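**Q** Enclosed is the structure file my_file.cif (mmCIF, C-alpha atoms).
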```cif
data_final
#
loop_
_atom_site.label_atom_id
_atom_site.label_comp_id
_atom_site.auth_asym_id
_atom_site.auth_seq_id
_atom_site.Cartn_x
_atom_site.Cartn_y
_atom_site.Cartn_z
CA MET A 14 -78.18 -87.80 -13.74
CA ARG A 15 -75.83 -84.84 -13.25
CA ARG A 16 -78.65 -82.85 -11.65
CA TYR A 17 -79.30 -85.74 -9.24
CA ILE A 18 -75.61 -85.90 -8.29
CA ARG A 19 -75.60 -82.16 -7.57
CA SER A 20 -78.67 -82.62 -5.40
CA VAL A 21 -77.01 -85.37 -3.35
CA GLU A 22 -73.81 -83.34 -3.01
CA THR A 23 -75.84 -80.38 -1.76
CA LEU A 24 -77.43 -82.51 0.93
CA TYR A 25 -74.07 -83.83 2.10
CA ALA A 26 -72.62 -80.31 1.98
CA LYS A 27 -75.08 -79.39 4.72
CA SER A 28 -73.48 -81.88 7.09
CA PRO A 29 -73.53 -80.45 10.62
CA PHE A 30 -69.97 -81.46 11.45
CA ASN A 31 -68.33 -78.27 10.23
CA LEU A 32 -70.52 -76.41 12.72
CA ILE A 33 -69.81 -79.00 15.40
CA TYR A 34 -66.11 -78.26 14.91
CA GLU A 35 -66.81 -74.51 15.19
CA HIS A 36 -68.73 -75.28 18.37
CA ILE A 37 -65.78 -77.00 20.04
CA GLN A 38 -63.44 -74.24 18.88
CA LYS A 39 -65.58 -71.79 20.87
CA GLY A 40 -65.50 -74.18 23.81
CA ASN A 41 -61.73 -74.49 23.49
CA GLU A 42 -61.38 -70.71 23.43
CA ALA A 43 -63.46 -70.47 26.61
CA VAL A 44 -61.36 -73.14 28.35
CA HIS A 45 -58.12 -71.40 27.35
CA LYS A 46 -59.29 -68.31 29.24
CA LEU A 47 -59.26 -70.31 32.47
CA GLU A 48 -55.48 -70.14 32.88
CA ASP A 49 -55.58 -66.33 33.05
CA LEU A 50 -58.70 -66.54 35.20
CA VAL A 51 -57.01 -68.82 37.74
CA GLN A 52 -53.99 -66.54 37.84
CA ALA A 53 -56.20 -63.50 38.44
CA PHE A 54 -58.10 -65.37 41.16
CA CYS A 55 -54.88 -66.39 42.90
CA ASP A 56 -53.62 -62.81 42.62
CA LYS A 57 -56.87 -61.59 44.25
CA ASP A 58 -57.47 -59.37 41.21
CA VAL A 59 -61.27 -59.18 41.48
CA ASP A 60 -61.75 -56.80 38.55
CA ARG A 61 -59.80 -59.06 36.21
CA VAL A 62 -61.66 -62.15 37.45
CA ASN A 63 -64.96 -60.44 36.64
CA ALA A 64 -63.75 -59.25 33.24
CA ILE A 65 -62.47 -62.69 32.17
CA SER A 66 -65.64 -64.31 33.50
CA ASP A 67 -67.69 -62.07 31.22
CA VAL A 68 -65.57 -63.08 28.21
CA VAL A 69 -66.03 -66.78 29.02
CA SER A 70 -69.78 -66.25 29.37
CA ASP A 71 -69.88 -64.56 25.96
CA LEU A 72 -67.97 -67.46 24.38
CA GLU A 73 -70.38 -69.95 25.95
CA HIS A 74 -73.26 -67.96 24.47
CA ASP A 75 -71.58 -68.05 21.05
CA ALA A 76 -71.25 -71.84 21.40
CA ASP A 77 -74.96 -72.06 22.20
CA GLN A 78 -75.78 -70.16 19.02
CA ILE A 79 -73.65 -72.55 16.98
CA LYS A 80 -75.31 -75.50 18.71
CA GLN A 81 -78.67 -74.23 17.55
CA GLY A 82 -77.30 -74.03 14.02
CA VAL A 83 -76.26 -77.68 14.23
CA ARG A 84 -79.77 -78.69 15.26
CA GLU A 85 -81.21 -76.78 12.32
CA ARG A 86 -78.97 -78.79 9.98
CA LEU A 87 -80.28 -82.10 11.23
CA PRO A 88 -83.70 -82.49 9.62
CA THR A 89 -84.33 -85.86 8.03
CA SER A 90 -83.64 -84.32 4.60
CA VAL A 91 -79.93 -83.96 5.38
CA LEU A 92 -77.89 -86.98 4.31
CA ILE A 93 -75.29 -87.99 6.87
CA PRO A 94 -74.20 -91.58 7.50
CA LEU A 95 -74.99 -91.27 11.21
CA SER A 96 -78.07 -91.49 13.39
CA ARG A 97 -79.61 -88.05 13.98
CA GLN A 98 -80.19 -88.98 17.63
CA ASP A 99 -76.57 -90.10 18.04
CA VAL A 100 -75.34 -86.77 16.70
CA LEU A 101 -77.65 -84.84 19.04
CA THR A 102 -76.50 -86.90 22.01
CA PHE A 103 -72.88 -86.28 21.07
CA LEU A 104 -73.55 -82.56 20.67
CA ARG A 105 -75.19 -82.40 24.11
CA LEU A 106 -72.14 -84.00 25.70
CA GLN A 107 -69.78 -81.69 23.84
CA ASP A 108 -71.85 -78.66 24.85
CA SER A 109 -71.08 -79.46 28.48
CA ILE A 110 -67.52 -78.23 27.80
CA PRO A 111 -68.31 -74.52 27.26
CA ASP A 112 -71.12 -74.80 29.84
CA SER A 113 -68.66 -76.04 32.47
CA ALA A 114 -66.10 -73.39 31.54
CA ARG A 115 -68.80 -70.78 32.15
CA ASP A 116 -69.65 -72.40 35.49
CA VAL A 117 -66.00 -72.24 36.56
CA ALA A 118 -65.80 -68.58 35.64
CA LYS A 119 -69.04 -67.63 37.36
CA SER A 120 -68.19 -69.58 40.52
CA MET A 121 -64.99 -67.56 40.87
CA THR A 122 -67.00 -64.33 40.95
CA LEU A 123 -69.26 -65.44 43.81
CA ARG A 124 -66.86 -64.64 46.62
CA GLU A 125 -64.35 -61.93 47.32
CA ALA A 126 -60.73 -62.97 46.88
CA TYR A 127 -58.98 -64.66 49.80
CA ASP A 128 -55.45 -65.78 50.62
CA ILE A 129 -54.57 -69.16 49.12
CA PRO A 130 -51.54 -71.23 50.21
CA THR A 131 -48.75 -71.30 47.65
CA ASP A 132 -48.84 -75.07 47.09
CA LEU A 133 -52.61 -74.91 46.51
CA LYS A 134 -52.14 -72.09 43.99
CA GLU A 135 -49.56 -74.17 42.11
CA SER A 136 -51.86 -77.21 41.99
CA PHE A 137 -54.78 -75.05 40.88
CA MET A 138 -52.74 -73.63 38.02
CA LYS A 139 -51.59 -77.12 37.08
CA LEU A 140 -55.22 -78.22 36.92
CA ALA A 141 -56.07 -75.31 34.61
CA LYS A 142 -53.19 -76.20 32.28
CA LYS A 143 -54.12 -79.89 32.25
CA THR A 144 -57.70 -78.93 31.43
CA ILE A 145 -56.52 -76.86 28.50
CA GLU A 146 -54.38 -79.78 27.35
CA ILE A 147 -57.29 -82.23 27.30
CA ILE A 148 -59.51 -79.85 25.34
CA ASP A 149 -56.74 -79.30 22.80
CA GLU A 150 -56.51 -83.09 22.38
CA TYR A 151 -60.27 -83.39 22.13
CA GLU A 152 -60.46 -80.69 19.43
CA LYS A 153 -58.00 -82.70 17.31
CA LEU A 154 -60.39 -85.63 17.53
CA VAL A 155 -63.43 -83.62 16.38
CA ASP A 156 -61.36 -82.16 13.54
CA LYS A 157 -60.97 -85.69 12.14
CA MET A 158 -64.72 -86.03 11.58
CA GLY A 159 -64.60 -84.01 8.36
CA PRO A 160 -62.28 -86.43 6.51
CA ILE A 161 -64.22 -89.40 7.89
CA LEU A 162 -67.51 -88.16 6.47
CA ALA A 163 -65.90 -87.04 3.21
CA THR A 164 -64.49 -90.53 2.60
CA SER A 165 -67.61 -92.42 3.76
CA PHE A 166 -65.91 -93.85 6.83
CA ARG A 167 -62.78 -95.13 5.13
CA ASP A 168 -61.02 -97.51 7.54
CA ARG A 169 -57.76 -95.57 7.57
CA ASP A 170 -59.47 -92.28 8.53
CA VAL A 171 -61.55 -93.99 11.22
CA GLU A 172 -58.45 -95.63 12.68
CA LYS A 173 -56.65 -92.26 12.84
CA ALA A 174 -59.58 -90.76 14.73
CA LEU A 175 -59.83 -93.69 17.13
CA GLU A 176 -56.14 -93.28 17.96
CA LEU A 177 -56.90 -89.80 19.31
CA ILE A 178 -59.40 -91.02 21.91
CA PRO A 179 -57.01 -92.76 24.40
CA PRO A 180 -54.98 -89.55 24.99
CA VAL A 181 -58.20 -87.77 25.98
CA GLU A 182 -59.10 -90.59 28.37
CA ARG A 183 -55.57 -90.66 29.82
CA LEU A 184 -55.66 -86.94 30.53
CA GLU A 185 -59.11 -87.24 32.08
CA HIS A 186 -57.73 -89.87 34.47
CA GLU A 187 -54.73 -87.67 35.34
CA ILE A 188 -57.06 -84.75 36.03
CA ASP A 189 -59.22 -86.93 38.29
CA ILE A 190 -56.14 -87.84 40.35
CA LEU A 191 -55.01 -84.21 40.46
CA GLY A 192 -58.48 -83.15 41.58
CA LEU A 193 -58.32 -85.56 44.53
CA GLU A 194 -54.89 -84.21 45.51
CA ILE A 195 -56.21 -80.66 45.38
CA GLY A 196 -59.21 -81.67 47.48
CA LYS A 197 -56.89 -82.90 50.24
CA LYS A 198 -54.92 -79.65 50.10
CA ILE A 199 -58.12 -77.63 50.32
CA TYR A 200 -59.22 -79.33 53.53
CA ALA A 201 -55.71 -79.06 54.94
CA SER A 202 -55.90 -75.29 54.38
CA GLU A 203 -58.98 -74.67 56.54
CA ASP A 204 -57.06 -72.48 59.00
CA GLN A 205 -56.07 -70.16 56.15
CA ILE A 206 -59.12 -70.11 53.87
CA GLY A 207 -61.86 -70.94 56.38
CA ALA A 208 -64.90 -73.20 56.13
CA VAL A 209 -66.59 -71.01 53.52
CA GLY A 210 -63.36 -70.96 51.53
CA ILE A 211 -63.28 -74.76 51.57
CA TYR A 212 -66.82 -74.93 50.22
CA HIS A 213 -66.15 -72.30 47.55
CA PHE A 214 -62.84 -73.73 46.38
CA ASN A 215 -64.29 -77.23 46.16
CA ASP A 216 -67.11 -75.89 44.01
CA VAL A 217 -64.62 -74.24 41.64
CA ILE A 218 -62.52 -77.42 41.39
CA GLN A 219 -65.55 -79.62 40.76
CA ASN A 220 -66.74 -77.34 37.97
CA MET A 221 -63.30 -77.37 36.37
CA SER A 222 -63.03 -81.16 36.64
CA GLU A 223 -66.37 -81.44 34.85
CA ILE A 224 -64.73 -80.01 31.71
CA SER A 225 -62.43 -83.01 31.38
CA ASN A 226 -65.28 -85.39 32.26
CA ALA A 227 -67.37 -83.83 29.48
CA ALA A 228 -64.52 -84.19 26.98
CA ALA A 229 -64.06 -87.87 27.87
CA ARG A 230 -67.79 -88.59 27.62
CA ALA A 231 -68.05 -86.83 24.27
CA ALA A 232 -64.98 -88.69 22.96
CA ASP A 233 -66.53 -92.00 24.00
CA SER A 234 -69.78 -91.02 22.26
CA LEU A 235 -67.83 -90.23 19.11
CA ARG A 236 -66.11 -93.60 19.33
CA THR A 237 -69.50 -95.30 19.44
CA MET A 238 -70.63 -93.44 16.32
CA ILE A 239 -67.58 -94.13 14.16
CA TYR A 240 -66.36 -97.49 15.45
CA PRO A 241 -66.34 -100.05 12.64
CA LYS A 242 -69.45 -102.19 12.90
#
```
So that I can check it, write out the structure of this file as structure tokens.
**A**
Amino acid sequence: MRRYIRSVETLYAKSPFNLIYEHIQKGNEAVHKLEDLVQAFCDKDVDRVNAISDVVSDLEHDADQIKQGVRERLPTSVLIPLSRQDVLTFLRLQDSIPDSARDVAKSMTLREAYDIPTDLKESFMKLAKKTIEIIDEYEKLVDKMGPILATSFRDRDVEKALELIPPVERLEHEIDILGLEIGKKIYASEDQIGAVGIYHFNDVIQNMSEISNAAARAADSLRTMIYPK
């Protein structure tokens, strides 16, 4: 009997959620680089933009390696009280976070620096900080998965996790509104940044907004998995 218990404990010990948490930590680290990246871009510091972009790309690659490790921990022999397909879907949504951070960084390297109006710079920096805020909130949510699995979905632990989802959704909504405001400022700045600048800046903003969208989608997927049936 004791040998059987050890065997079951070993299977549960291989739960992929410790790696999933490591994965979002890498994504969070990549997103945190965006504040310095935006500042360098606004300062027209091309060398620093390129250097930070390379760091973000490396972090996204590290997240991809961890993602592969999660997939390797999800054979049918691993005992987790969740659908394997649900976990993979959740992981795919979460992986959009470091992917989008990489896209932001790379898009900033595609064009030489140009003059940006002061109010647009301020809004851009605000967007970067809000994006960091939502990923910090999202990481707290993923961190709750360990206790939930360890206690076999005890109601109290599930409720604590569910309470962390609305703040992510609220921030995603705030970022959507901020993105629209920035879009208006971009078009109003055509005389200063030019038509190509409008296209480029919009691309950067859309990529950054996708980070918060990815966090909200992943949070909703997590809600579906853990919500009391």
**Q** Counting only C-alpha atoms, which residue out of A:Ala174, A:Leu50, A:Ala201, A:Leu193 sits closest to Ser120 (chain A)?
**A**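 Using only C-alpha atoms, Ser120 (chain A) sits closest to A:Leu50.
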**Q** When you count all atoms listed in the file, which of these residues is closest to Ile148 (chain A): A:Ile79, A:Ile199, A:Ala53, A:Ile110?
**A** A:Ile110
**Q** Mind pulling up the distance from CA of Glu73 (chain A) to CA of Pro111 (chain A)?
**A**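 Distance reported for this atom pair: 5.2 Å.
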**Q** For CA of Lys142 (chain A) and CA of Val209 (chain A), determine how far apart the two atoms are, in Å to one decimal place.
**A** 25.6 Å
**Q** Given the choices A:Asp128, A:Asp60, A:Glu187, A:Asp77, which gets closest to Ile211 (chain A) if the distance is worked out from all atoms listed in the file?
**A** A:Asp128
**Q** If the PyMOL selection byres ((chain A and resi 51) around 9) is run on the structure shown, which residues does it catch, given as JSON, numbers by chain?
**A** {"A": [46, 47, 48, 49, 50, 52, 53, 54, 55, 56, 62, 121, 134, 137, 138, 141]}
**Q** Rounded to one decimal place, report the CA of Val59 (chain A)-CA of Ala228 (chain A) distance in Å.
**A**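 Those two atoms sit 29.1 Å apart.
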**Q** Report the residues retrieved by the PyMOL selection byres ((chain A and resi 43) around 7) from the displayed file, expressed as a ChimeraX atom specification.
**A** /A:39-42,44-46,69,72-73,111,114
**Q** Nearest to Asp233 (chain A) among A:Lys57, A:Leu177, A:Ser96, A:Gln78, with distances taken over all atoms listed in the file: which residue is it?
**A**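 Under the stated criterion, the closest residue is A:Leu177.
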**Q** Select, from A:Ile65, A:Val117, A:Leu104, A:Leu175, the residue with the minimum atom-to-atom distance to Gln81 (chain A), counting all atoms listed in the file.
**A**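 Result for the nearest residue to Gln81 (chain A): A:Leu104.
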**Q** Hey, which of A:Lys80, A:Lys173, A:Lys139, A:Arg124 ends up closest to Leu101 (chain A)? Count only C-alpha atoms.
**A** A:Lys80
**Q** I'd like the contact shell of Glu172 (chain A) - 12 Å cut-off, all atoms listed in the file, skipping same-chain residues fewer than 5 positions apart - returned as a PyMOL selection string.
**A** chain A and resi 154+157-158+160-161+166-167+177-178+236+239-241
**Q** List every protein, DNA or RNA residue with an atom no more than 9 Å from (-55.2, -85.3, 21.3) in the file's coordinates, counting all atoms listed in the file, and format the result as a PyMOL selection string.
**A** chain A and resi 146-154+176-181
**Q** Please write as a list in words the list of polymer residues whose atoms come within 12 Å of (-65.9, -73.6, 52.8), counting only C-alpha atoms and keeping to the coordinates of the file.
**A**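 Counting only C-alpha atoms, I find these residues within 12 Å of (-65.9, -73.6, 52.8): Arg124, Tyr127, Gly196, Ile199, Tyr200, Ala201, Ser202, Glu203, Asp204, Gln205, Ile206, Gly207, Ala208, Val209, Gly210, Ile211, Tyr212, His213, Phe214, Asn215, Asp216 and Val217 of chain A.
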**Q** Taking the file as I've supplied it (selection: the PyMOL selection byres ((chain A and resi 188) around 8)), which residues are included? Please answer as number ranges by chain.
**A** A: 140, 143-144, 184-187, 189-192, 222, 225
